[in-house]
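Asker: This is work_18.txt, which holds compact mmCIF, C-alpha atoms:
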# COMPACT_ATOMS: atom_id res chain seq x y z
CA MET A 1 -4.34 -1.03 -45.63
CA SER A 2 -2.16 -0.39 -42.53
CA LEU A 3 1.05 1.39 -41.81
CA LEU A 4 4.06 -0.55 -40.56
CA PRO A 5 4.96 0.34 -36.94
CA PHE A 6 8.31 1.94 -36.27
CA ARG A 7 10.61 1.53 -33.28
CA ARG A 8 10.66 4.40 -30.80
CA SER A 9 12.63 4.86 -27.56
CA VAL A 10 12.69 7.61 -24.98
CA ALA A 11 15.67 8.28 -22.67
CA ALA A 12 15.68 9.81 -19.21
CA CYS A 13 18.17 10.48 -16.43
CA ALA A 14 17.44 8.43 -13.28
CA ALA A 15 14.96 5.72 -12.28
CA ALA A 16 14.51 2.60 -10.20
CA LEU A 17 12.39 -0.40 -9.34
CA ALA A 18 10.72 -0.83 -5.96
CA LEU A 19 11.38 -4.21 -4.31
CA LEU A 20 13.52 -5.36 -7.24
CA THR A 21 14.92 -8.76 -6.32
CA GLY A 22 18.32 -10.01 -7.39
CA VAL A 23 19.75 -6.85 -8.94
CA SER A 24 23.40 -6.24 -8.12
CA ALA A 25 25.00 -2.93 -7.33
CA SER A 26 28.69 -2.50 -6.62
CA ALA A 27 30.88 0.31 -5.40
CA GLU A 28 34.59 -0.02 -4.66
CA THR A 29 35.31 -3.61 -3.63
CA ILE A 30 35.38 -4.32 0.07
CA GLU A 31 36.83 -7.54 1.46
CA THR A 32 35.44 -9.54 4.37
CA GLN A 33 36.94 -12.32 6.45
CA ALA A 34 33.55 -14.05 6.65
CA ARG A 35 33.42 -17.37 4.79
CA GLN A 36 29.96 -16.56 3.44
CA ALA A 37 28.34 -13.13 3.30
CA ILE A 38 25.69 -11.05 1.58
CA ILE A 39 24.39 -7.51 2.01
CA VAL A 40 20.95 -6.70 0.57
CA ASP A 41 19.03 -3.43 0.35
CA TYR A 42 15.62 -4.23 1.84
CA ASN A 43 13.64 -1.71 -0.24
CA THR A 44 14.91 -2.77 -3.66
CA GLY A 45 16.42 -6.20 -3.10
CA ALA A 46 19.68 -4.99 -4.65
CA VAL A 47 22.71 -7.05 -3.64
CA LEU A 48 25.49 -4.73 -2.46
CA LEU A 49 28.02 -7.40 -1.53
CA GLU A 50 28.17 -11.15 -1.82
CA LYS A 51 30.77 -13.78 -1.02
CA ASN A 52 29.89 -17.45 -1.46
CA ALA A 53 26.27 -16.39 -0.94
CA ASP A 54 24.87 -19.58 -2.52
CA GLN A 55 27.27 -21.93 -0.78
CA LEU A 56 25.60 -24.39 1.59
CA MET A 57 26.74 -23.75 5.13
CA THR A 58 26.06 -24.63 8.75
CA PRO A 59 23.63 -21.86 9.75
CA SER A 60 23.80 -22.48 13.51
CA SER A 61 21.20 -20.47 15.43
CA MET A 62 20.49 -18.23 12.43
CA SER A 63 18.19 -21.05 11.29
CA LYS A 64 15.99 -20.29 14.31
CA LEU A 65 14.57 -17.54 12.09
CA MET A 66 12.66 -20.23 10.21
CA THR A 67 11.20 -21.50 13.47
CA VAL A 68 10.20 -17.93 14.30
CA TYR A 69 8.59 -17.61 10.85
CA MET A 70 6.47 -20.73 11.46
CA VAL A 71 5.21 -19.34 14.78
CA PHE A 72 4.61 -15.82 13.43
CA SER A 73 2.54 -17.32 10.60
CA ARG A 74 0.30 -19.16 13.06
CA LEU A 75 -0.13 -16.01 15.15
CA LYS A 76 -1.01 -13.98 12.09
CA ASP A 77 -3.64 -16.42 10.79
CA GLY A 78 -5.23 -16.65 14.24
CA SER A 79 -4.62 -20.35 14.85
CA LEU A 80 -2.26 -19.46 17.70
CA LYS A 81 -2.28 -16.74 20.36
CA MET A 82 0.56 -15.22 22.35
CA SER A 83 -1.23 -16.29 25.55
CA ASP A 84 -1.52 -19.95 24.51
CA LYS A 85 0.67 -22.28 26.56
CA LEU A 86 2.73 -25.32 25.65
CA GLN A 87 4.08 -27.96 28.02
CA VAL A 88 7.76 -28.78 28.30
CA SER A 89 7.88 -32.48 27.50
CA GLU A 90 10.46 -34.86 28.90
CA THR A 91 11.76 -35.39 25.36
CA ALA A 92 12.41 -31.68 24.84
CA TRP A 93 13.81 -31.23 28.35
CA ARG A 94 16.21 -34.19 28.21
CA LYS A 95 17.49 -33.15 24.77
CA HIS A 96 18.90 -29.89 26.13
CA TYR A 97 19.21 -29.79 29.92
CA ARG A 98 22.80 -31.11 29.97
CA SER A 99 23.91 -29.62 26.67
CA ASP A 100 26.44 -26.86 26.18
CA GLY A 101 24.10 -25.00 23.83
CA SER A 102 22.14 -21.86 24.60
CA MET A 103 19.04 -22.40 26.69
CA MET A 104 15.98 -20.66 28.08
CA PHE A 105 16.23 -23.00 31.12
CA LEU A 106 12.68 -24.31 30.90
CA PRO A 107 11.63 -26.54 33.81
CA LEU A 108 10.38 -30.03 33.05
CA HIS A 109 6.57 -30.12 32.58
CA ALA A 110 6.30 -26.31 32.84
CA GLN A 111 3.44 -24.62 30.99
CA VAL A 112 5.02 -21.78 28.98
CA SER A 113 3.23 -19.12 26.94
CA ILE A 114 3.93 -18.66 23.23
CA SER A 115 5.02 -15.12 24.02
CA ASP A 116 7.67 -16.30 26.48
CA LEU A 117 8.84 -19.05 24.15
CA LEU A 118 9.26 -16.59 21.28
CA HIS A 119 11.24 -14.23 23.48
CA GLY A 120 13.31 -17.20 24.60
CA VAL A 121 14.10 -18.12 21.00
CA ILE A 122 14.75 -14.62 19.64
CA ILE A 123 16.52 -12.96 22.58
CA GLN A 124 17.99 -15.86 24.55
CA SER A 125 18.51 -18.19 21.55
CA GLY A 126 17.04 -20.99 23.63
CA ASN A 127 17.36 -24.38 21.98
CA ASP A 128 14.94 -25.84 24.51
CA ALA A 129 12.32 -23.22 23.59
CA CYS A 130 12.66 -24.24 19.92
CA SER A 131 12.01 -27.89 20.74
CA VAL A 132 8.93 -27.07 22.82
CA LEU A 133 7.50 -24.94 20.00
CA ALA A 134 8.27 -27.63 17.42
CA GLU A 135 6.53 -30.36 19.43
CA GLY A 136 3.58 -28.14 20.22
CA LEU A 137 3.00 -27.13 16.60
CA ALA A 138 3.82 -30.36 14.76
CA GLY A 139 3.85 -33.19 17.31
CA SER A 140 7.58 -33.82 17.08
CA GLU A 141 10.71 -31.87 16.20
CA ASP A 142 11.37 -34.10 13.18
CA ALA A 143 7.90 -33.42 11.80
CA PHE A 144 8.31 -29.71 12.46
CA ALA A 145 11.66 -29.62 10.63
CA ALA A 146 10.07 -31.34 7.64
CA GLU A 147 7.31 -28.71 7.62
CA GLU A 148 9.95 -25.98 7.78
CA THR A 149 11.69 -27.39 4.73
CA ARG A 150 8.43 -27.56 2.75
CA LYS A 151 7.51 -24.00 3.70
CA ALA A 152 11.03 -22.80 2.88
CA ARG A 153 10.61 -24.04 -0.68
CA GLU A 154 7.31 -22.16 -0.97
CA LEU A 155 9.04 -18.98 0.22
CA GLY A 156 11.82 -19.29 -2.35
CA LEU A 157 14.50 -20.57 0.02
CA THR A 158 15.54 -23.05 -2.61
CA ARG A 159 18.62 -24.50 -0.91
CA SER A 160 17.60 -24.61 2.74
CA THR A 161 16.98 -27.92 4.50
CA PHE A 162 16.07 -28.26 8.18
CA ARG A 163 16.69 -31.24 10.46
CA ASN A 164 15.73 -29.57 13.74
CA ALA A 165 14.15 -26.36 15.04
CA SER A 166 17.18 -24.86 16.76
CA GLY A 167 20.13 -25.06 14.39
CA LEU A 168 22.10 -27.56 16.45
CA PRO A 169 24.65 -29.33 14.21
CA GLU A 170 23.04 -32.22 12.38
CA PRO A 171 23.90 -33.78 9.00
CA GLY A 172 21.90 -32.14 6.22
CA HIS A 173 20.81 -29.11 8.27
CA GLN A 174 21.99 -26.40 5.87
CA MET A 175 21.15 -22.96 4.54
CA THR A 176 22.77 -20.31 2.34
CA ALA A 177 23.48 -16.67 3.10
CA ARG A 178 21.15 -15.64 0.27
CA ASP A 179 18.29 -17.74 1.66
CA LEU A 180 18.78 -16.18 5.09
CA ALA A 181 18.66 -12.68 3.60
CA THR A 182 15.44 -13.58 1.80
CA LEU A 183 13.95 -14.95 5.02
CA ALA A 184 14.91 -11.79 6.89
CA ARG A 185 13.11 -9.62 4.31
CA ILE A 186 10.02 -11.81 4.63
CA LEU A 187 9.97 -11.60 8.44
CA ILE A 188 10.30 -7.82 8.35
CA SER A 189 7.69 -7.26 5.64
CA GLN A 190 5.06 -9.80 6.67
CA PHE A 191 5.14 -9.51 10.47
CA PRO A 192 5.72 -5.88 11.50
CA GLN A 193 3.51 -6.40 14.57
CA TYR A 194 5.91 -9.01 15.96
CA TYR A 195 9.23 -7.87 14.51
CA GLU A 196 9.95 -5.46 17.38
CA ILE A 197 10.83 -8.44 19.60
CA PHE A 198 14.14 -8.71 17.73
CA SER A 199 15.29 -5.33 19.06
CA GLU A 200 14.64 -6.07 22.75
CA LYS A 201 17.94 -6.09 24.61
CA SER A 202 17.16 -8.63 27.33
CA PHE A 203 14.56 -11.07 28.59
CA ALA A 204 14.11 -12.84 31.93
CA TYR A 205 12.44 -16.21 32.46
CA ASN A 206 12.52 -18.47 35.50
CA ASN A 207 14.40 -15.66 37.34
CA ILE A 208 17.22 -15.90 34.80
CA LYS A 209 17.88 -12.75 32.79
CA GLN A 210 19.77 -13.09 29.52
CA ASP A 211 20.89 -10.42 27.09
CA ASN A 212 20.24 -10.35 23.35
CA ARG A 213 23.40 -11.62 21.65
CA ASN A 214 23.07 -9.39 18.60
CA PRO A 215 26.11 -7.08 18.70
CA LEU A 216 24.48 -4.49 16.45
CA ILE A 217 21.94 -3.42 19.05
CA TRP A 218 24.61 -3.19 21.77
CA GLU A 219 27.24 -1.29 19.75
CA ASN A 220 25.09 1.82 19.40
CA ILE A 221 24.68 1.19 15.68
CA GLN A 222 22.11 3.77 14.60
CA GLY A 223 18.87 2.07 13.53
CA ALA A 224 19.90 -1.52 14.39
CA ASP A 225 16.82 -3.61 15.21
CA GLY A 226 17.52 -7.29 14.43
CA LEU A 227 17.83 -10.15 13.83
CA LYS A 228 19.82 -13.22 15.01
CA THR A 229 23.30 -14.45 15.86
CA GLY A 230 24.67 -17.96 15.68
CA HIS A 231 27.72 -19.96 16.67
CA THR A 232 28.89 -23.55 16.31
CA GLU A 233 32.35 -25.02 16.00
CA ASP A 234 31.78 -25.81 12.33
CA GLY A 235 29.89 -22.66 11.39
CA GLY A 236 31.96 -20.19 13.37
CA PHE A 237 30.42 -16.93 14.56
CA SER A 238 27.54 -15.68 12.42
CA LEU A 239 24.91 -12.97 12.18
CA VAL A 240 21.77 -11.93 10.35
CA GLY A 241 21.58 -8.19 10.99
CA SER A 242 19.18 -5.43 10.00
CA VAL A 243 19.58 -1.66 10.26
CA LEU A 244 17.01 1.02 9.37
CA ARG A 245 18.04 4.65 8.76
CA ASN A 246 15.90 7.41 7.31
CA GLY A 247 13.54 4.96 5.62
CA ARG A 248 16.30 2.81 4.12
CA ARG A 249 16.98 -0.66 5.53
CA VAL A 250 20.05 -2.81 4.94
CA ILE A 251 20.22 -6.54 5.71
CA LEU A 252 23.56 -8.24 6.42
CA VAL A 253 24.21 -11.97 6.61
CA MET A 254 27.65 -13.33 7.41
CA ASN A 255 28.97 -16.67 8.58
CA GLY A 256 32.26 -18.24 9.55
CA LEU A 257 33.86 -15.46 11.59
CA PRO A 258 36.67 -16.72 13.86
CA THR A 259 35.68 -14.91 17.08
CA ASN A 260 32.82 -13.03 18.69
CA ARG A 261 34.89 -9.85 18.53
CA ALA A 262 35.50 -10.35 14.81
CA ARG A 263 31.76 -10.73 14.27
CA THR A 264 31.09 -7.48 16.15
CA GLU A 265 33.75 -5.46 14.34
CA GLU A 266 32.96 -6.88 10.91
CA SER A 267 29.21 -6.31 11.18
CA ASP A 268 29.80 -2.68 12.20
CA ARG A 269 32.27 -2.11 9.36
CA LEU A 270 30.13 -3.67 6.63
CA ILE A 271 26.91 -1.93 7.70
CA GLU A 272 28.58 1.48 7.72
CA TRP A 273 30.09 0.77 4.30
CA ALA A 274 26.69 -0.17 2.87
CA PHE A 275 25.07 3.07 4.04
CA ARG A 276 28.05 5.24 3.12
CA GLU A 277 28.70 3.93 -0.39
CA PHE A 278 25.14 3.26 -1.62
CA GLY A 279 21.88 5.14 -1.80
CA ASP A 280 18.28 4.52 -2.89
CA TYR A 281 17.10 6.84 -5.67
CA ALA A 282 13.54 7.26 -6.90
CA LEU A 283 12.12 8.85 -10.06
CA PHE A 284 8.51 7.77 -10.57
CA LYS A 285 5.67 6.88 -8.26
CA ALA A 286 3.23 4.12 -9.19
CA GLY A 287 1.04 5.32 -12.04
CA ASP A 288 3.29 8.24 -13.02
CA LYS A 289 3.56 8.99 -16.72
CA VAL A 290 6.95 8.27 -18.28
CA THR A 291 6.13 9.59 -21.75
CA ASP A 292 3.42 9.68 -24.45
CA ALA A 293 3.34 7.28 -27.39
CA ALA A 294 1.79 7.89 -30.79
CA VAL A 295 -1.25 5.74 -31.59
CA TRP A 296 -2.15 4.30 -35.00
CA LEU A 297 -5.79 4.05 -36.02
CA GLY A 298 -6.99 5.22 -32.59
CA ARG A 299 -9.62 7.72 -31.49
CA SER A 300 -6.81 9.46 -29.62
CA ALA A 301 -3.56 10.44 -31.33
CA SER A 302 -1.46 9.40 -28.33
CA VAL A 303 -1.51 7.33 -25.16
CA PRO A 304 0.35 7.96 -21.90
CA LEU A 305 2.88 5.28 -20.92
CA VAL A 306 3.18 4.62 -17.19
CA VAL A 307 4.88 2.37 -14.64
CA SER A 308 2.74 0.20 -12.40
CA LYS A 309 5.07 0.32 -9.39
CA SER A 310 7.19 3.00 -7.79
CA LEU A 311 10.57 3.13 -9.46
CA GLU A 312 13.50 3.05 -7.09
CA VAL A 313 17.04 1.77 -7.45
CA THR A 314 19.98 1.16 -5.17
CA MET A 315 23.31 2.20 -6.65
CA PRO A 316 26.73 3.55 -5.71
CA ARG A 317 26.39 7.20 -4.71
CA SER A 318 29.26 8.05 -7.06
CA SER A 319 27.22 6.80 -10.05
CA ARG A 320 24.09 8.85 -9.40
CA ASP A 321 24.79 11.52 -12.03
CA GLU A 322 25.44 8.89 -14.71
CA MET A 323 22.21 6.94 -14.29
CA LYS A 324 20.09 6.70 -17.44
CA VAL A 325 16.66 5.33 -18.22
CA VAL A 326 15.41 4.36 -21.68
CA ALA A 327 11.70 3.80 -22.19
CA SER A 328 11.49 1.55 -25.23
CA TYR A 329 8.42 0.51 -27.19
CA THR A 330 7.27 -0.29 -30.73
CA GLY A 331 5.32 2.62 -32.16
CA PRO A 332 3.03 3.95 -33.21
CA ILE A 333 0.99 1.58 -31.03
CA ALA A 334 -1.95 0.10 -32.89
CA ALA A 335 -5.44 0.63 -31.45
CA PRO A 336 -7.39 -0.69 -29.68
CA ILE A 337 -5.26 -0.22 -26.56
CA HIS A 338 -6.35 -1.32 -23.11
CA LYS A 339 -5.31 0.46 -19.93
CA GLY A 340 -2.67 -1.62 -18.13
CA GLN A 341 -1.58 -3.34 -21.33
CA THR A 342 2.19 -3.93 -21.49
CA VAL A 343 3.53 -2.01 -24.47
CA GLY A 344 7.26 -1.83 -23.80
CA GLU A 345 9.82 -1.54 -21.06
CA VAL A 346 11.90 0.92 -19.10
CA ILE A 347 15.61 0.07 -19.19
CA ILE A 348 17.73 1.44 -16.33
CA THR A 349 21.52 1.60 -16.53
CA ALA A 350 24.30 3.13 -14.43
CA PRO A 351 27.95 2.37 -13.66
CA GLY A 352 28.27 -0.21 -10.90
CA MET A 353 24.70 -1.50 -11.29
CA SER A 354 23.20 -4.39 -13.24
CA GLU A 355 20.86 -3.34 -16.05
CA VAL A 356 17.23 -3.21 -14.92
CA HIS A 357 14.15 -3.85 -17.08
CA VAL A 358 10.74 -2.61 -15.91
CA PRO A 359 7.41 -3.13 -17.76
CA LEU A 360 5.95 -0.03 -19.43
CA LEU A 361 2.13 0.03 -19.48
CA ALA A 362 -0.57 1.92 -21.35
CA GLY A 363 -2.05 4.49 -18.99
CA ALA A 364 -5.44 4.77 -20.72
CA ASP A 365 -7.87 2.98 -23.03
CA VAL A 366 -7.78 4.04 -26.68
CA ALA A 367 -10.58 2.78 -28.93
CA LYS A 368 -10.02 1.95 -32.57
CA LEU A 369 -11.22 4.39 -35.23
CA GLY A 370 -14.47 3.60 -36.97
CA PHE A 371 -14.68 2.45 -40.59
CA PHE A 372 -14.49 5.90 -42.16
CA GLY A 373 -11.67 6.97 -39.89
CA ARG A 374 -9.64 3.92 -40.86
CA MET A 375 -10.33 4.59 -44.54
CA GLY A 376 -9.08 8.16 -44.13
CA ALA A 377 -5.87 6.91 -42.48
CA ALA A 378 -5.37 4.37 -45.24
CA LEU A 379 -5.82 7.08 -47.90
CA HIS A 380 -3.30 9.26 -46.08
CA GLY A 381 -0.83 6.37 -46.16
CA LEU A 382 -1.35 5.91 -49.90
CA LEU A 383 -0.77 9.60 -50.61
CA PHE A 384 2.11 10.30 -48.27
CA GLY A 385 3.61 6.87 -47.57
CA ALA A 386 4.15 4.92 -44.40
CA PRO A 387 6.63 6.23 -41.81
CA LYS A 388 10.04 4.58 -41.99
CA PRO A 389 11.31 2.73 -38.91
CA ALA A 390 13.41 5.10 -36.84
CA GLU A 391 15.13 5.23 -33.46
CA THR A 392 14.46 8.42 -31.52
CA THR A 393 15.21 9.58 -27.99
CA ALA A 394 13.89 12.38 -25.82
CA ALA A 395 14.52 13.35 -22.22
CA VAL A 396 11.63 12.64 -19.84
CA LYS A 397 13.22 13.87 -16.59
CA GLY A 398 16.61 15.17 -15.67
Would you mind writing the file's structure down as structure tokens?
Answerer:
Amino acid sequence: MSLLPFRRSVAACAAALALLTGVSASAETIETQARQAIIVDYNTGAVLLEKNADQLMTPSSMSKLMTVYMVFSRLKDGSLKMSDKLQVSETAWRKHYRSDGSMMFLPLHAQVSISDLLHGVIIQSGNDACSVLAEGLAGSEDAFAAEETRKARELGLTRSTFRNASGLPEPGHQMTARDLATLARILISQFPQYYEIFSEKSFAYNNIKQDNRNPLIWENIQGADGLKTGHTEDGGFSLVGSVLRNGRRVILVMNGLPTNRARTEESDRLIEWAFREFGDYALFKAGDKVTDAAVWLGRSASVPLVVSKSLEVTMPRSSRDEMKVVASYTGPIAAPIHKGQTVGEVIITAPGMSEVHVPLLAGADVAKLGFFGRMGAALHGLLFGAPKPAETTAAVKG
């Protein structure tokens, strides 16, 4: 004979999920003149602001970030080295040498190192450097763009399609602000050894020095270190920006600004708003105990319940004192119990933040009682009755 389990829940004040993707947090509404925009907290993935973030748009030179990703990946896996050189083909040279677009000014037939080409793409926004990299890595720019699109799908950039390596206007070459924010997080997290290039203020090649066009690193924005600007007649002035302060990083994507000055002023305003109005708050480290749960028919009377990842949340600073966490599970939990087994969930709520659900795991193994132990428990149930289902709460941390 067995006892029926009853429902048990434990409440706490404060918690969060590390690298939580897609959770929204909102403070007082702020408007932006950008046609498309999104602000994401890098640590948690919380969306602080979004405007037409899933709308397909002309990404201009912001799409060069995908070209950079493809090169960084080859450098990381060892199939490419910074010292390797690629030749400037006549096809790549003729495509850009009379254009009005941004250029690295690569000479025809020049042998150019991967390091220089990357600096030319990231700092100088060189369209010619993108074409040389595309041909060198895939044989042609069309083939390279097709590879970019395939890789984008693997990375979760579900709406991005590439027709070239540079972002020059071309039918079907489109991205979304959300995809660009996702790509920025990937570049920062996967390639820290190369990411510092984005913060370099200038680069000279062929005796031509050009400045980084990112306004964030020129406007004395504390912690600004990336990533990429863009501009076309259709797309307007655009930016993928990243700022790191005291261990917290914020990513901004915006498109469709009317002027370069508007892009500069708007990026400054939105970044400061994101840091001023929101904060990251942590409660538990990975493996920390949230509470103990009663065990039925186990060699131990209870089992610790833990979280597998550090719990952190981004939320409006004004809502911090009202944050609550409920650890919910069905109990008592029947033995045997295996360490790491999912037994419930932590539910995080606060004003201005989407509800968060985090798996709650058993923190230890609990073996089932032997035959005589189970008989004793069954006899106890016959004499005193099974516990009635009940909802209970108890504070874990304040």
Asker: What gap, in Å, lies between atom CA of Gly101 of chain A and atom CA of His231 of chain A?
Answerer: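 Atom-to-atom, atom CA of Gly101 of chain A and atom CA of His231 of chain A are spaced 9.5 Å apart.
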Asker: Ranking A:Ser83, A:Glu312, A:Glu147, A:Val295 by minimum distance to Leu369 of chain A and counting only C-alpha atoms, which one comes first?
Answerer: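 Distance minimum relative to Leu369 of chain A lands on A:Val295.
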Asker: Out of A:Ala334, A:Met66, A:Val356, A:Val346, which residue has the shortest atom-to-atom distance to Glu148 of chain A when counting only C-alpha atoms?
Answerer: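 Smallest distance to Glu148 of chain A is found for A:Met66.
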Asker: If we count only C-alpha atoms, what is near Glu219 of chain A at a cut-off of 10 Å, once residues fewer than 3 positions away on the same chain are taken out, given as a list in words?
Answerer: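 Selected residues are Asn214, Pro215, Leu216, Gln222, Ala224, Thr264, Glu265 and Asp268 of chain A.
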Asker: Could you list, with a cut-off of 7 Å and counting only C-alpha atoms, the residues of segment 209-282 of chain A near segment 35-54 of chain A, each shown with its nearest atom pair and the distance in Å rounded to one decimal, rows sorted by chain and ascending number, as a tab-separated table?
Answerer:
residue	atom	partner	partner_atom	distance
A:Arg248	CA	A:Asn43	CA	6.8
A:Arg249	CA	A:Tyr42	CA	5.3
A:Val250	CA	A:Asp41	CA	4.7
A:Ile251	CA	A:Val40	CA	5.2
A:Leu252	CA	A:Ile39	CA	4.5
A:Val253	CA	A:Ile38	CA	5.3
A:Met254	CA	A:Ala37	CA	4.2
A:Asn255	CA	A:Gln36	CA	5.2
A:Gly256	CA	A:Arg35	CA	5.0
Asker: Fewer than 4 positions away in the same chain doesn't count, so skip those; otherwise give me all residues within 7 Å of Gly167 of chain A, counting all atoms listed in the file, as a PyMOL selection string.
Answerer: chain A and resi 59-61+63-64
Asker: Write a file of the just-selected residues containing C-alpha atoms, as a tab-separated table (two decimals), keeping the file's coordinate frame.
Answerer:
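Produced file selection_20.tsv, reproduced below:
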chain	number	residue	atom	x	y	z
A	59	PRO	CA	23.63	-21.86	9.75
A	60	SER	CA	23.80	-22.48	13.51
A	61	SER	CA	21.20	-20.47	15.43
A	63	SER	CA	18.19	-21.05	11.29
A	64	LYS	CA	15.99	-20.29	14.31
Asker: Set out as JSON lines a contact list for segment 129-206 of chain A and segment 84-93 of chain A with a cut-off of 12 Å, giving each residue of segment 129-206 of chain A that qualifies its closest atom pair and distance in Å to one decimal, counting all atoms listed in the file, ordered by chain and rising residue number.
Answerer:
{"residue": "A:Ala129", "atom": "CA", "partner": "A:Ala92", "partner_atom": "CA", "distance": 8.6}
{"residue": "A:Cys130", "atom": "CA", "partner": "A:Ala92", "partner_atom": "CA", "distance": 8.9}
{"residue": "A:Ser131", "atom": "CA", "partner": "A:Ala92", "partner_atom": "CA", "distance": 5.6}
{"residue": "A:Val132", "atom": "CA", "partner": "A:Val88", "partner_atom": "CA", "distance": 5.9}
{"residue": "A:Leu133", "atom": "CA", "partner": "A:Leu86", "partner_atom": "CA", "distance": 7.4}
{"residue": "A:Ala134", "atom": "CA", "partner": "A:Ala92", "partner_atom": "CA", "distance": 9.4}
{"residue": "A:Glu135", "atom": "CA", "partner": "A:Ala92", "partner_atom": "CA", "distance": 8.1}
{"residue": "A:Gly136", "atom": "CA", "partner": "A:Leu86", "partner_atom": "CA", "distance": 6.2}
{"residue": "A:Leu137", "atom": "CA", "partner": "A:Leu86", "partner_atom": "CA", "distance": 9.2}
{"residue": "A:Gly139", "atom": "CA", "partner": "A:Ser89", "partner_atom": "CA", "distance": 11.0}
{"residue": "A:Ser140", "atom": "CA", "partner": "A:Ala92", "partner_atom": "CA", "distance": 9.4}
{"residue": "A:Glu141", "atom": "CA", "partner": "A:Ala92", "partner_atom": "CA", "distance": 8.8}
{"residue": "A:Asp142", "atom": "CA", "partner": "A:Ala92", "partner_atom": "CA", "distance": 12.0}
{"residue": "A:Asn164", "atom": "CA", "partner": "A:Ala92", "partner_atom": "CA", "distance": 11.8}
{"residue": "A:Ala165", "atom": "CA", "partner": "A:Ala92", "partner_atom": "CA", "distance": 11.3}
{"residue": "A:Ser166", "atom": "CA", "partner": "A:Ala92", "partner_atom": "CA", "distance": 11.6}
Asker: To one decimal in Å, tell me the separation between atom CA of Thr29 of chain A and atom CA of Gly352 of chain A.
Answerer: 10.7 Å
Asker: Mind pulling up the distance from atom CA of Phe72 of chain A to atom CA of Ala138 of chain A?
Answerer: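 Atom-to-atom, atom CA of Ala138 of chain A to atom CA of Phe72 of chain A, that is 14.6 Å.
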Asker: From the set A:Ile221, A:Leu239, A:Met103, A:Ala274, which residue has the shortest atom-to-atom contact distance to Lys209 of chain A, counting only C-alpha atoms?
Answerer: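 Going through A:Ile221, A:Leu239, A:Met103, A:Ala274 one by one, the smallest distance to Lys209 of chain A is for A:Met103.
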Asker: List the spatial neighbours of Gly279 of chain A as a count of residues only - criterion: any atom at most 10 Å away, all atoms listed in the file, same-chain residues fewer than 4 positions off excluded.
Answerer: 12
Asker: Nearest to Ser73 of chain A among A:Lys95, A:Lys201, A:Lys151, A:His173, with distances taken over only C-alpha atoms: which residue is it?
Answerer: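 With only C-alpha atoms as the atom set, the closest residue is A:Lys151.
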Asker: Neighbouring residues of segment 360-364 of chain A were defined as those with any atom within 8 Å, considering all atoms listed in the file; residues of the same chain fewer than 2 positions away were excluded. Please report them as a list of chain:residue names.
Answerer: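 Counting only the stated atoms, we get A:Gly287, A:Lys289, A:Val303, A:Pro304, A:Leu305, A:Val306, A:Val307, A:Ser308, A:Ala327, A:Ile337, A:His338, A:Lys339, A:Gly340, A:Gln341, A:Thr342, A:Val343, A:Gly344, A:Glu345, A:Val346, A:Val358, A:Val366.
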Asker: Could you tell me which of A:Met70, A:Asp211, A:Ile30, A:Val326 comes closest to Arg150 of chain A if we count only C-alpha atoms?
Answerer: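 Going through A:Met70, A:Asp211, A:Ile30, A:Val326 one by one, the smallest distance to Arg150 of chain A is for A:Met70.
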Asker: Of the candidates A:Ile271, A:Ala143, A:Ile122, A:Ala204, which shows the shortest atom-to-atom distance to Arg245 of chain A, using all atoms listed in the file?
Answerer: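 Of all the options, A:Ile271 lies closest to Arg245 of chain A.
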Asker: Output segment 237-245 of chain A with N, CA and C atoms present, as an mmCIF file, keeping the file's coordinate frame.
Answerer:
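Result file is part21.cif:
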data_model
loop_
_atom_site.group_PDB
_atom_site.id
_atom_site.type_symbol
_atom_site.label_atom_id
_atom_site.label_comp_id
_atom_site.auth_asym_id
_atom_site.auth_seq_id
_atom_site.Cartn_x
_atom_site.Cartn_y
_atom_site.Cartn_z
ATOM 1 N N PHE A 237 31.323 -17.961 14.062
ATOM 2 C CA PHE A 237 30.420 -16.930 14.560
ATOM 3 C C PHE A 237 29.676 -16.298 13.387
ATOM 4 N N SER A 238 28.366 -16.113 13.555
ATOM 5 C CA SER A 238 27.540 -15.680 12.420
ATOM 6 C C SER A 238 26.507 -14.659 12.874
ATOM 7 N N LEU A 239 25.893 -14.021 11.881
ATOM 8 C CA LEU A 239 24.910 -12.970 12.180
ATOM 9 C C LEU A 239 23.998 -12.721 10.996
ATOM 10 N N VAL A 240 22.710 -12.564 11.278
ATOM 11 C CA VAL A 240 21.770 -11.930 10.350
ATOM 12 C C VAL A 240 21.392 -10.608 11.006
ATOM 13 N N GLY A 241 21.812 -9.496 10.405
ATOM 14 C CA GLY A 241 21.580 -8.190 10.990
ATOM 15 C C GLY A 241 20.711 -7.317 10.108
ATOM 16 N N SER A 242 20.017 -6.367 10.741
ATOM 17 C CA SER A 242 19.180 -5.430 10.000
ATOM 18 C C SER A 242 19.284 -4.054 10.640
ATOM 19 N N VAL A 243 19.443 -3.037 9.788
ATOM 20 C CA VAL A 243 19.580 -1.660 10.260
ATOM 21 C C VAL A 243 18.702 -0.756 9.401
ATOM 22 N N LEU A 244 17.916 0.099 10.060
ATOM 23 C CA LEU A 244 17.010 1.020 9.370
ATOM 24 C C LEU A 244 17.419 2.454 9.681
ATOM 25 N N ARG A 245 17.671 3.241 8.594
ATOM 26 C CA ARG A 245 18.040 4.650 8.760
ATOM 27 C C ARG A 245 17.323 5.498 7.722
#
